[in-house]
file run07.txt (compact mmCIF, C-alpha atoms and all ligand atoms)
# COMPACT_ATOMS: atom_id res chain seq x y z
CA MET A 891 88.17 117.28 125.57
CA ASN A 892 91.42 115.42 125.14
CA ARG A 893 93.31 118.24 126.80
CA GLN A 894 92.20 117.18 130.28
CA LYS A 895 93.34 113.64 129.57
CA ILE A 896 97.00 114.58 129.23
CA LEU A 897 98.97 112.73 131.90
CA PRO A 898 100.60 114.88 134.61
CA SER A 899 104.01 113.38 133.80
CA ILE A 900 103.64 114.66 130.22
CA ALA A 901 102.05 118.01 131.17
CA ALA A 902 105.15 118.63 133.32
CA ILE A 903 107.51 118.29 130.33
CA ARG A 904 105.23 119.69 127.62
CA ASP A 905 107.15 122.92 127.01
CA GLU A 906 110.49 121.14 126.92
CA MET A 907 109.17 118.60 124.41
CA VAL A 908 107.55 121.23 122.19
CA ALA A 909 110.91 123.05 122.13
CA LEU A 910 112.56 119.77 121.16
CA ARG A 911 110.01 119.22 118.34
CA ARG A 912 110.70 122.70 117.03
CA GLU A 913 114.45 122.16 117.18
CA ILE A 914 114.07 118.96 115.10
CA HIS A 915 111.83 120.94 112.72
CA THR A 916 114.53 123.59 112.26
CA TYR A 917 117.13 121.01 111.26
CA PRO A 918 115.33 118.55 108.97
CA GLU A 919 117.32 115.78 107.32
CA ILE A 920 116.35 113.53 104.42
CA SER A 921 116.44 109.74 104.16
CA PHE A 922 119.47 108.01 105.69
CA GLU A 923 121.06 111.39 106.46
CA GLU A 924 119.29 111.94 109.80
CA HIS A 925 122.66 112.23 111.62
CA ARG A 926 121.90 115.24 113.81
CA THR A 927 118.39 114.01 114.69
CA SER A 928 119.57 110.48 115.37
CA ASP A 929 122.40 111.70 117.60
CA LEU A 930 119.98 113.92 119.55
CA VAL A 931 117.59 110.98 120.03
CA ALA A 932 120.34 108.59 121.13
CA ARG A 933 121.89 111.04 123.60
CA LEU A 934 118.52 111.81 125.22
CA LEU A 935 117.60 108.12 125.54
CA GLU A 936 120.99 107.39 127.13
CA SER A 937 120.51 110.25 129.60
CA TRP A 938 117.17 108.69 130.69
CA GLY A 939 118.73 105.28 131.33
CA TYR A 940 117.89 103.44 128.07
CA ASP A 941 120.22 100.84 126.65
CA VAL A 942 120.85 102.45 123.25
CA HIS A 943 121.90 100.87 119.95
CA ARG A 944 122.87 103.24 117.16
CA GLY A 945 123.57 102.79 113.49
CA LEU A 946 120.93 100.28 112.36
CA ALA A 947 120.15 101.30 108.74
CA LYS A 948 122.83 103.99 109.08
CA THR A 949 120.96 106.41 111.37
CA GLY A 950 118.35 104.19 113.07
CA VAL A 951 118.28 104.09 116.89
CA VAL A 952 116.77 101.45 119.17
CA GLY A 953 116.37 102.14 122.89
CA THR A 954 115.51 99.39 125.39
CA LEU A 955 114.25 99.85 128.94
CA LYS A 956 113.34 96.98 131.23
CA LYS A 957 111.38 97.29 134.47
CA GLY A 958 110.11 94.58 136.80
CA ASN A 959 110.35 90.92 135.83
CA GLY A 960 107.65 90.63 133.15
CA SER A 961 108.56 88.79 129.96
CA ARG A 962 106.40 90.76 127.53
CA ILE A 963 108.08 93.15 125.07
CA ILE A 964 106.34 96.07 123.38
CA ALA A 965 107.91 98.30 120.71
CA LEU A 966 106.92 101.84 119.74
CA ARG A 967 108.21 103.28 116.49
CA ALA A 968 108.73 106.81 115.17
CA ASP A 969 110.14 107.98 111.84
CA MET A 970 112.78 110.75 111.80
CA ASP A 971 113.21 111.80 108.15
CA ALA A 972 112.15 114.94 106.29
CA LEU A 973 111.34 115.70 102.63
CA PRO A 974 113.10 117.57 99.82
CA ILE A 975 110.58 120.46 99.93
CA CYS A 976 111.20 124.22 100.32
CA GLU A 977 109.34 125.22 103.48
CA GLN A 978 106.86 128.10 103.11
CA THR A 979 105.38 128.25 106.61
CA GLY A 980 107.07 131.49 107.70
CA LEU A 981 107.44 129.99 111.20
CA GLU A 982 110.13 131.45 113.45
CA TYR A 983 111.52 127.92 113.79
CA ALA A 984 111.26 127.08 110.05
CA SER A 985 113.86 124.90 108.36
CA LEU A 986 117.41 126.21 108.23
CA ASN A 987 118.36 123.39 105.86
CA GLN A 988 117.48 125.00 102.53
CA GLY A 989 115.29 122.74 100.38
CA THR A 990 114.55 120.25 103.17
CA MET A 991 111.45 120.31 105.34
CA HIS A 992 109.56 118.30 107.95
CA ALA A 993 106.41 118.38 105.80
CA CYS A 994 105.08 115.01 106.99
CA GLY A 995 105.27 115.66 110.75
CA HIS A 996 107.99 113.13 111.50
CA ASP A 997 109.50 115.83 113.77
CA GLY A 998 106.32 115.48 115.85
CA HIS A 999 106.33 111.68 115.76
CA THR A 1000 109.93 111.68 117.02
CA ALA A 1001 109.30 114.29 119.74
CA SER A 1002 106.10 112.53 120.93
CA LEU A 1003 107.91 109.23 121.29
CA LEU A 1004 110.81 110.94 123.09
CA ALA A 1005 108.36 112.59 125.49
CA SER A 1006 106.75 109.28 126.36
CA ALA A 1007 110.16 107.59 126.58
CA LYS A 1008 111.30 110.17 129.11
CA ALA A 1009 108.15 109.98 131.23
CA LEU A 1010 108.08 106.17 131.12
CA ALA A 1011 111.71 106.04 132.28
CA LEU A 1012 111.48 108.65 135.05
CA SER A 1013 107.84 108.76 136.24
CA HIS A 1014 106.04 105.47 135.50
CA ASP A 1015 106.24 101.84 136.45
CA PHE A 1016 105.66 98.92 134.16
CA ASN A 1017 106.46 95.25 134.15
CA GLY A 1018 108.40 94.05 131.09
CA THR A 1019 110.50 95.45 128.28
CA LEU A 1020 109.90 98.62 126.32
CA ARG A 1021 111.67 99.23 123.03
CA VAL A 1022 111.59 102.57 121.24
CA ILE A 1023 112.52 102.38 117.56
CA PHE A 1024 113.54 105.57 115.74
CA GLN A 1025 113.82 104.77 112.05
CA PRO A 1026 115.29 106.66 109.10
CA ALA A 1027 113.93 107.11 105.60
CA GLU A 1028 110.19 106.48 105.89
CA GLU A 1029 109.71 108.57 102.76
CA GLY A 1030 111.72 105.95 100.94
CA ILE A 1031 114.11 108.14 99.02
CA GLY A 1032 116.57 105.37 98.27
CA GLY A 1033 114.43 102.62 99.84
CA GLY A 1034 112.34 102.45 102.98
CA GLY A 1035 114.25 102.69 106.27
CA ALA A 1036 112.04 100.15 108.05
CA ASP A 1037 112.90 97.54 105.43
CA VAL A 1038 116.62 98.23 105.78
CA MET A 1039 116.47 98.05 109.60
CA ILE A 1040 114.69 94.69 109.37
CA ARG A 1041 117.21 93.34 106.85
CA GLU A 1042 120.00 94.44 109.21
CA GLY A 1043 118.43 92.31 111.96
CA LEU A 1044 116.10 94.65 113.86
CA PHE A 1045 113.77 91.98 115.19
CA GLU A 1046 116.48 89.33 115.70
CA LYS A 1047 118.65 91.70 117.73
CA PHE A 1048 115.66 93.29 119.46
CA PRO A 1049 112.77 90.80 119.59
CA CYS A 1050 109.29 92.27 120.21
CA ASP A 1051 105.85 90.76 120.85
CA ALA A 1052 103.98 93.71 119.37
CA VAL A 1053 104.86 96.91 117.55
CA TYR A 1054 102.92 100.17 117.34
CA GLY A 1055 103.30 103.41 115.43
CA PHE A 1056 101.21 106.46 114.56
CA HIS A 1057 100.88 109.09 111.86
CA ASN A 1058 99.41 112.54 112.40
CA MET A 1059 96.52 113.17 110.00
CA PRO A 1060 95.26 116.50 108.64
CA GLY A 1061 91.49 116.42 108.13
CA TYR A 1062 90.71 115.16 111.65
CA PRO A 1063 90.43 117.21 114.88
CA VAL A 1064 93.64 117.34 116.87
CA GLY A 1065 94.11 114.38 119.21
CA GLN A 1066 91.30 112.21 117.83
CA LEU A 1067 92.58 108.67 117.51
CA GLY A 1068 91.73 106.40 114.57
CA PHE A 1069 91.98 102.60 114.45
CA TYR A 1070 91.38 100.21 111.59
CA PRO A 1071 91.85 96.43 111.74
CA GLY A 1072 93.18 94.91 108.50
CA ALA A 1073 94.46 96.73 105.43
CA LEU A 1074 94.71 100.44 106.32
CA MET A 1075 97.20 101.70 103.73
CA ALA A 1076 98.00 100.70 100.16
CA SER A 1077 100.99 98.95 98.70
CA ALA A 1078 103.07 101.16 96.44
CA ASP A 1079 105.25 100.10 93.53
CA THR A 1080 107.16 102.48 91.32
CA VAL A 1081 107.49 101.04 87.83
CA PHE A 1082 109.99 102.29 85.24
CA ILE A 1083 109.35 101.29 81.61
CA THR A 1084 111.66 102.00 78.66
CA PHE A 1085 110.91 101.24 74.99
CA SER A 1086 114.11 101.24 72.92
CA GLY A 1087 114.45 101.37 69.13
CA LYS A 1088 117.18 102.83 66.94
CA GLY A 1089 115.90 106.31 66.13
CA GLY A 1090 115.64 107.80 62.65
CA HIS A 1091 114.26 110.45 60.31
CA GLY A 1092 110.69 111.60 60.96
CA ALA A 1093 110.00 111.56 57.22
CA MET A 1094 110.76 107.82 56.95
CA PRO A 1095 108.53 106.07 59.50
CA HIS A 1096 108.67 102.80 57.52
CA LYS A 1097 112.39 102.48 58.37
CA THR A 1098 112.29 103.24 62.14
CA PRO A 1099 110.28 101.55 64.90
CA ASP A 1100 108.56 104.31 66.86
CA PRO A 1101 108.76 104.20 70.69
CA ILE A 1102 106.38 107.19 71.04
CA VAL A 1103 103.57 105.32 69.31
CA ALA A 1104 104.22 102.19 71.38
CA ALA A 1105 104.35 104.13 74.66
CA SER A 1106 101.20 106.12 73.77
CA SER A 1107 99.33 102.93 73.03
CA LEU A 1108 100.62 101.40 76.26
CA VAL A 1109 99.40 104.41 78.29
CA MET A 1110 95.87 103.70 77.08
CA ALA A 1111 96.17 99.93 77.47
CA LEU A 1112 97.33 100.34 81.08
CA GLN A 1113 94.00 102.03 81.85
CA THR A 1114 92.24 98.75 81.16
CA ILE A 1115 93.96 96.92 84.02
CA VAL A 1116 91.90 98.51 86.80
CA ALA A 1117 88.83 98.78 84.57
CA ARG A 1118 88.86 95.26 83.07
CA ASN A 1119 91.13 92.96 85.15
CA VAL A 1120 90.61 93.94 88.80
CA ASP A 1121 87.54 92.94 90.81
CA PRO A 1122 85.42 96.13 91.05
CA PHE A 1123 85.22 95.65 94.83
CA GLU A 1124 89.02 95.87 95.18
CA PRO A 1125 90.67 99.32 95.31
CA ALA A 1126 93.52 99.72 92.81
CA VAL A 1127 95.41 102.54 91.10
CA VAL A 1128 97.71 102.60 88.06
CA SER A 1129 98.89 106.17 87.39
CA ILE A 1130 101.43 107.25 84.80
CA GLY A 1131 103.24 110.21 86.34
CA SER A 1132 105.89 110.74 83.69
CA PHE A 1133 106.15 110.22 79.91
CA ARG A 1134 109.45 111.30 78.33
CA SER A 1135 110.56 111.00 74.73
CA GLY A 1136 111.99 113.00 71.87
CA ASP A 1137 113.36 116.52 71.40
CA ILE A 1138 112.38 117.73 67.95
CA SER A 1139 109.54 117.33 65.41
CA ASN A 1140 111.43 115.66 62.55
CA VAL A 1141 113.19 112.89 64.48
CA ILE A 1142 111.78 109.55 65.59
CA PRO A 1143 113.52 109.14 68.94
CA ALA A 1144 115.36 106.02 70.01
CA GLU A 1145 113.61 105.79 73.39
CA ALA A 1146 110.41 106.48 75.28
CA LYS A 1147 110.17 106.24 79.07
CA LEU A 1148 107.16 105.90 81.36
CA ASP A 1149 107.19 106.12 85.19
CA LEU A 1150 104.20 104.69 87.03
CA THR A 1151 102.90 104.49 90.55
CA VAL A 1152 100.84 101.41 91.33
CA ARG A 1153 98.68 101.03 94.46
CA ALA A 1154 96.55 98.26 95.92
CA MET A 1155 94.96 97.31 99.24
CA ASN A 1156 95.30 93.57 98.73
CA PRO A 1157 98.58 91.69 98.09
CA GLU A 1158 96.86 89.49 95.45
CA VAL A 1159 95.61 92.54 93.55
CA ARG A 1160 99.08 94.04 93.78
CA LYS A 1161 100.51 90.92 92.16
CA LEU A 1162 97.88 91.04 89.40
CA LEU A 1163 98.54 94.74 88.65
CA ASN A 1164 102.28 94.22 88.32
CA GLN A 1165 101.84 91.09 86.23
CA ARG A 1166 99.45 92.82 83.78
CA ILE A 1167 101.77 95.84 83.49
CA GLU A 1168 104.61 93.53 82.55
CA GLU A 1169 102.51 91.54 80.04
CA LEU A 1170 101.12 94.63 78.31
CA THR A 1171 104.58 96.23 78.13
CA LEU A 1172 106.23 93.17 76.57
CA GLU A 1173 103.34 92.68 74.11
CA HIS A 1174 103.56 96.32 73.03
CA ALA A 1175 107.30 96.00 72.45
CA LYS A 1176 106.64 92.99 70.24
CA MET A 1177 103.76 94.68 68.36
CA TYR A 1178 105.85 97.75 67.53
CA GLY A 1179 109.22 96.06 66.91
CA LEU A 1180 110.99 97.51 69.93
CA GLU A 1181 112.93 96.31 72.97
CA ALA A 1182 111.33 96.90 76.36
CA SER A 1183 112.87 97.04 79.82
CA ILE A 1184 110.77 97.19 82.94
CA SER A 1185 111.82 97.57 86.57
CA PHE A 1186 109.79 97.55 89.78
CA GLU A 1187 111.39 99.69 92.49
CA GLU A 1188 110.85 101.18 95.94
CA PRO A 1189 108.10 98.70 96.77
CA TYR A 1190 106.06 99.19 99.95
CA PRO A 1191 103.75 96.34 100.99
CA VAL A 1192 100.09 96.80 101.98
CA LEU A 1193 99.94 97.98 105.60
CA ILE A 1194 97.88 95.36 107.44
CA ASN A 1195 96.98 95.95 111.08
CA SER A 1196 96.66 92.79 113.16
CA PRO A 1197 93.05 92.54 114.41
CA GLU A 1198 93.95 91.52 117.98
CA GLN A 1199 96.59 94.24 118.55
CA THR A 1200 94.37 96.84 116.89
CA GLU A 1201 91.45 95.99 119.16
CA PHE A 1202 93.77 96.17 122.18
CA ALA A 1203 95.07 99.61 121.11
CA ARG A 1204 91.54 100.85 120.41
CA GLN A 1205 90.28 99.63 123.80
CA VAL A 1206 93.12 101.42 125.60
CA ALA A 1207 92.13 104.64 123.80
CA GLN A 1208 88.44 104.10 124.46
CA ASP A 1209 89.01 103.59 128.20
CA TRP A 1210 91.14 106.73 128.26
CA VAL A 1211 89.28 109.28 126.10
CA GLY A 1212 85.85 107.70 125.55
CA ASP A 1213 83.91 107.60 122.30
CA GLU A 1214 84.30 111.29 121.51
CA GLY A 1215 88.09 110.94 121.38
CA ILE A 1216 87.94 108.27 118.68
CA ILE A 1217 87.40 108.75 114.94
CA ASP A 1218 84.28 106.66 114.44
CA SER A 1219 84.52 105.57 110.82
CA LEU A 1220 88.13 105.68 109.74
CA LYS A 1221 88.47 104.59 106.12
CA PRO A 1222 91.53 102.99 104.49
CA ILE A 1223 93.98 105.38 102.84
CA MET A 1224 95.49 104.97 99.35
CA SER A 1225 98.88 106.39 100.40
CA SER A 1226 101.63 104.10 101.65
CA GLU A 1227 103.81 103.72 104.70
CA ASP A 1228 106.89 101.61 105.34
CA PHE A 1229 105.69 100.60 108.83
CA SER A 1230 104.00 97.92 106.71
CA TYR A 1231 107.36 96.08 106.65
CA MET A 1232 107.40 95.93 110.46
CA LEU A 1233 103.81 94.65 110.54
CA GLU A 1234 104.82 91.86 108.15
CA LYS A 1235 107.24 90.60 110.84
CA VAL A 1236 105.58 91.45 114.16
CA PRO A 1237 101.87 91.82 114.97
CA GLY A 1238 100.83 95.34 115.79
CA CYS A 1239 98.85 98.40 114.85
CA TYR A 1240 99.42 101.63 112.99
CA LEU A 1241 97.01 104.27 114.17
CA ILE A 1242 96.34 107.81 113.10
CA ILE A 1243 95.88 110.89 115.28
CA GLY A 1244 94.14 114.04 114.02
CA ASN A 1245 96.31 117.13 113.41
CA ASP A 1246 93.78 119.95 112.80
CA GLY A 1247 93.40 122.70 115.37
CA PRO A 1248 92.39 126.37 115.49
CA ASP A 1249 96.04 127.46 115.15
CA ASN A 1250 96.84 124.83 112.57
CA PRO A 1251 95.42 125.40 109.12
CA ASN A 1252 94.42 122.19 107.43
CA HIS A 1253 97.31 121.76 104.99
CA SER A 1254 97.83 118.28 103.64
CA LEU A 1255 100.90 116.22 104.42
CA HIS A 1256 103.81 117.07 102.06
CA HIS A 1257 102.45 120.62 101.54
CA PRO A 1258 105.10 123.39 101.86
CA GLN A 1259 102.91 125.13 104.48
CA TYR A 1260 102.05 122.03 106.51
CA ASN A 1261 103.06 121.95 110.18
CA PHE A 1262 102.76 119.34 112.92
CA ASN A 1263 100.33 120.54 115.60
CA ASP A 1264 102.09 120.97 118.96
CA ASP A 1265 98.79 120.24 120.76
CA LEU A 1266 98.98 116.73 119.36
CA LEU A 1267 102.35 116.03 120.97
CA PRO A 1268 101.23 115.64 124.64
CA ILE A 1269 98.18 113.63 123.55
CA ALA A 1270 100.24 111.18 121.49
CA ALA A 1271 102.84 110.92 124.28
CA SER A 1272 100.12 110.28 126.91
CA TYR A 1273 98.55 107.64 124.68
CA TRP A 1274 101.86 105.80 124.25
CA ILE A 1275 102.21 105.70 128.04
CA LYS A 1276 98.67 104.36 128.47
CA LEU A 1277 99.38 101.70 125.86
CA VAL A 1278 102.68 100.61 127.45
CA GLU A 1279 101.16 100.52 130.94
CA ALA A 1280 98.27 98.39 129.68
CA TYR A 1281 100.53 96.04 127.68
CA LEU A 1282 103.20 95.67 130.39
CA ARG A 1283 100.97 95.38 133.44
ZN ZN B 1 105.21 111.55 104.09
ZN ZN B 2 104.88 110.52 107.06
call {"tool": "encode", "arguments": {"input": "run07.txt", "output": "structure tokens"}}
result
Amino acid sequence: MNRQKILPSIAAIRDEMVALRREIHTYPEISFEEHRTSDLVARLLESWGYDVHRGLAKTGVVGTLKKGNGSRIIALRADMDALPICEQTGLEYASLNQGTMHACGHDGHTASLLASAKALALSHDFNGTLRVIFQPAEEGIGGGGADVMIREGLFEKFPCDAVYGFHNMPGYPVGQLGFYPGALMASADTVFITFSGKGGHGAMPHKTPDPIVAASSLVMALQTIVARNVDPFEPAVVSIGSFRSGDISNVIPAEAKLDLTVRAMNPEVRKLLNQRIEELTLEHAKMYGLEASISFEEPYPVLINSPEQTEFARQVAQDWVGDEGIIDSLKPIMSSEDFSYMLEKVPGCYLIIGNDGPDNPNHSLHHPQYNFNDDLLPIAASYWIKLVEAYLR
């Protein structure tokens, strides 16, 4: 159904853009090391007449194209980074960078935005300013790229009235568009906890404070935060993903370490979760005669879509593909996304587009056999054009 809606300007460059997506797939690069991808993006934008700024957050690229005399400015964003995963797709264009893979479809996000950037420059008219933002490090290995771009002056150097981005989504038919006003994706905090004592002989527990006992008790106490402190109508997650301590049966170790992931859909709940984790940790240290250190790292805020910009984006899609092209009851997602940083600064909308097709088995994002669906590319690119034309009338 969506297939007939692909714009002629995109249909004409489909094969070229699919080849480009596959080339990016073959050479995946992890956070802040997207040098080849970023150079490819910048060179193409320059060749289509964009004013190109390189090097924001190391490998980030911003392209600007002005047409007519309109004063409105719209920004479209794609992420460029890959993951440290060994690809198992068996594709002829599979990763040549051993241990690195485009397992989240950012190759497709980048190629879709490039396709629309090319068509908008060469085949379409609009009245105002278009910015295309290609960001590094969405996966946040070493901090989220969107946050770094913003701290390096993204929106001061390149002001925007609205910003839009999309993620492909396994589990929905290819090309179906999903919109959700308000909190769509969770905040994520990684919490590192260490209990420190002095270590000693396992036969003399009365002489050595025991970090394993303290950490074990804390693991259970942490389960009470969501169960006993958070409003039952508010989604929240506290998961302990790693518990490390000790090497041998007859030694009380000097340290125990816990790594947690903490998720919420509401900034107030996020604050409460982190505050309770800190309180329980410090109380446990006191109870068991230990020192505790706690650090909160790699934080991603709740992704909150602005109602007005989301309704605008949904209406553009509705006018273009009708009801059957839209996911009718999109639910919030407990995973996180650093586009949330951009939405904290500029109103906008993060939408999702289905990735499942007959040739694309439904592997989840971050799976070693996942692949971006090439049928999604022309649909996403056509939608970006529709959105820009509507915004910059
Ligand atoms: Zn991902
Ligand atoms: Zn992703």
call {"tool": "residues_near_ligand", "arguments": {"input": "run07.txt", "ligand": "ligand ZN 1 (chain B)", "cutoff": "7 Å", "atoms": "only C-alpha atoms and all ligand atoms", "output": "PyMOL selection string"}}
result
chain A and resi 994+1029+1255-1256
call {"tool": "write_last_selection", "arguments": {"input": "run07.txt", "atoms": "C-alpha atoms", "output": "compact mmCIF listing (two decimals), keeping the file's coordinate frame"}}
result
# COMPACT_ATOMS: atom_id res chain seq x y z
CA CYS A 994 105.08 115.01 106.99
CA GLU A 1029 109.71 108.57 102.76
CA LEU A 1255 100.90 116.22 104.42
CA HIS A 1256 103.81 117.07 102.06
call {"tool": "closest_atom_pairs", "arguments": {"input": "run07.txt", "of": "chain A", "to": "ligand ZN 2 (chain B)", "cutoff": "8 Å", "atoms": "all atoms listed in the file", "output": "JSON lines"}}
result
{"residue": "A:Asp969", "atom": "CA", "partner": "B:ZN2", "partner_atom": "ZN", "distance": 7.5}
{"residue": "A:Cys994", "atom": "CA", "partner": "B:ZN2", "partner_atom": "ZN", "distance": 4.5}
{"residue": "A:Gly995", "atom": "CA", "partner": "B:ZN2", "partner_atom": "ZN", "distance": 6.3}
{"residue": "A:His996", "atom": "CA", "partner": "B:ZN2", "partner_atom": "ZN", "distance": 6.0}
{"residue": "A:Glu1028", "atom": "CA", "partner": "B:ZN2", "partner_atom": "ZN", "distance": 6.8}
{"residue": "A:Glu1029", "atom": "CA", "partner": "B:ZN2", "partner_atom": "ZN", "distance": 6.8}
{"residue": "A:His1057", "atom": "CA", "partner": "B:ZN2", "partner_atom": "ZN", "distance": 6.4}
{"residue": "A:Asn1058", "atom": "CA", "partner": "B:ZN2", "partner_atom": "ZN", "distance": 7.9}
{"residue": "A:Glu1227", "atom": "CA", "partner": "B:ZN2", "partner_atom": "ZN", "distance": 7.3}
{"residue": "A:Leu1255", "atom": "CA", "partner": "B:ZN2", "partner_atom": "ZN", "distance": 7.4}
call {"tool": "residues_around", "arguments": {"input": "run07.txt", "residues": "A:Val1022", "least_positions_apart": "4", "cutoff": "7 Å", "atoms": "only C-alpha atoms", "output": "tab-separated table (two decimals) with C-alpha atoms, in the coordinates of the input"}}
result
chain	number	residue	atom	x	y	z
A	952	VAL	CA	116.77	101.45	119.17
A	953	GLY	CA	116.37	102.14	122.89
A	954	THR	CA	115.51	99.39	125.39
A	965	ALA	CA	107.91	98.30	120.71
A	966	LEU	CA	106.92	101.84	119.74
A	967	ARG	CA	108.21	103.28	116.49
call {"tool": "closest_residue", "arguments": {"input": "run07.txt", "among": "A:Val1064, A:Ala1073, A:Leu1010, A:Ala902", "to": "A:Pro1157", "atoms": "only C-alpha atoms"}}
result
A:Ala1073
call {"tool": "residues_around", "arguments": {"input": "run07.txt", "residues": "A:Phe1202", "least_positions_apart": "4", "cutoff": "9 Å", "atoms": "all atoms listed in the file", "output": "ChimeraX atom specification"}}
result
/A:1197-1198,1206-1207,1277,1281
call {"tool": "atom_distance", "arguments": {"input": "run07.txt", "atom1": "atom CA of A:Pro1095", "atom2": "atom CA of A:Tyr1178"}}
result
11.9 Å
call {"tool": "closest_residue", "arguments": {"input": "run07.txt", "among": "A:Glu919, A:Pro1099, A:Leu946, A:Gln978", "to": "A:Gly1043", "atoms": "all atoms listed in the file"}}
result
A:Leu946
call {"tool": "residues_around", "arguments": {"input": "run07.txt", "residues": "A:Leu1012", "least_positions_apart": "2", "cutoff": "9 Å", "atoms": "all atoms listed in the file", "output": "ChimeraX atom specification"}}
result
/A:899,938-939,1007-1010,1014-1015
call {"tool": "residues_near_point", "arguments": {"input": "run07.txt", "point": "(102.1, 117.9, 118.7)", "cutoff": "9 Å", "atoms": "all atoms listed in the file", "output": "count of residues only"}}
result
21
call {"tool": "closest_residue", "arguments": {"input": "run07.txt", "among": "A:Ser1129, A:Glu923, A:Ala1011, A:Lys948", "to": "A:Ile1275", "atoms": "only C-alpha atoms"}}
result
A:Ala1011
call {"tool": "closest_residue", "arguments": {"input": "run07.txt", "among": "A:Ala1117, A:Lys1235, A:Ile1167, A:Pro1071", "to": "A:Leu1220", "atoms": "all atoms listed in the file"}}
result
A:Pro1071
call {"tool": "atom_distance", "arguments": {"input": "run07.txt", "atom1": "atom CA of A:Val1141", "atom2": "atom CA of A:Lys1088"}}
result
11.1 Å
call {"tool": "residues_around", "arguments": {"input": "run07.txt", "residues": "A:Gly945", "least_positions_apart": "5", "cutoff": "12 Å", "atoms": "all atoms listed in the file", "output": "NGL selection string"}}
result
:A and (922-925 or 928-929 or 932 or 950-953 or 1023-1026 or 1035 or 1038-1039 or 1042-1044)
call {"tool": "axis_aligned_box", "arguments": {"input": "run07.txt", "around": "stretch 994-1011 of chain A", "padding_each_side": "3 Å", "output": "AutoDock Vina command-line options"}}
result
--center_x 108.4 --center_y 110.9 --center_z 119.6 --size_x 12.6 --size_y 15.8 --size_z 31.3
call {"tool": "residues_near_point", "arguments": {"input": "run07.txt", "point": "(111.0, 102.6, 86.0)", "cutoff": "10 Å", "atoms": "all atoms listed in the file", "output": "PyMOL selection string"}}
result
chain A and resi 1079-1084+1132+1147-1151+1183-1187
call {"tool": "atom_distance", "arguments": {"input": "run07.txt", "atom1": "atom CA of A:Ala1076", "atom2": "atom CA of A:Arg1160"}}
result
9.3 Å
call {"tool": "closest_residue", "arguments": {"input": "run07.txt", "among": "A:Leu1067, A:Val1103, A:Ala1052, A:Val1127", "to": "A:Pro1237", "atoms": "only C-alpha atoms"}}
result
A:Ala1052
call {"tool": "residues_around", "arguments": {"input": "run07.txt", "residues": "A:Ala1203", "least_positions_apart": "3", "cutoff": "12 Å", "atoms": "all atoms listed in the file", "output": "PyMOL selection string"}}
result
chain A and resi 1052-1056+1067-1071+1195-1200+1206-1210+1216+1238-1242+1273-1281
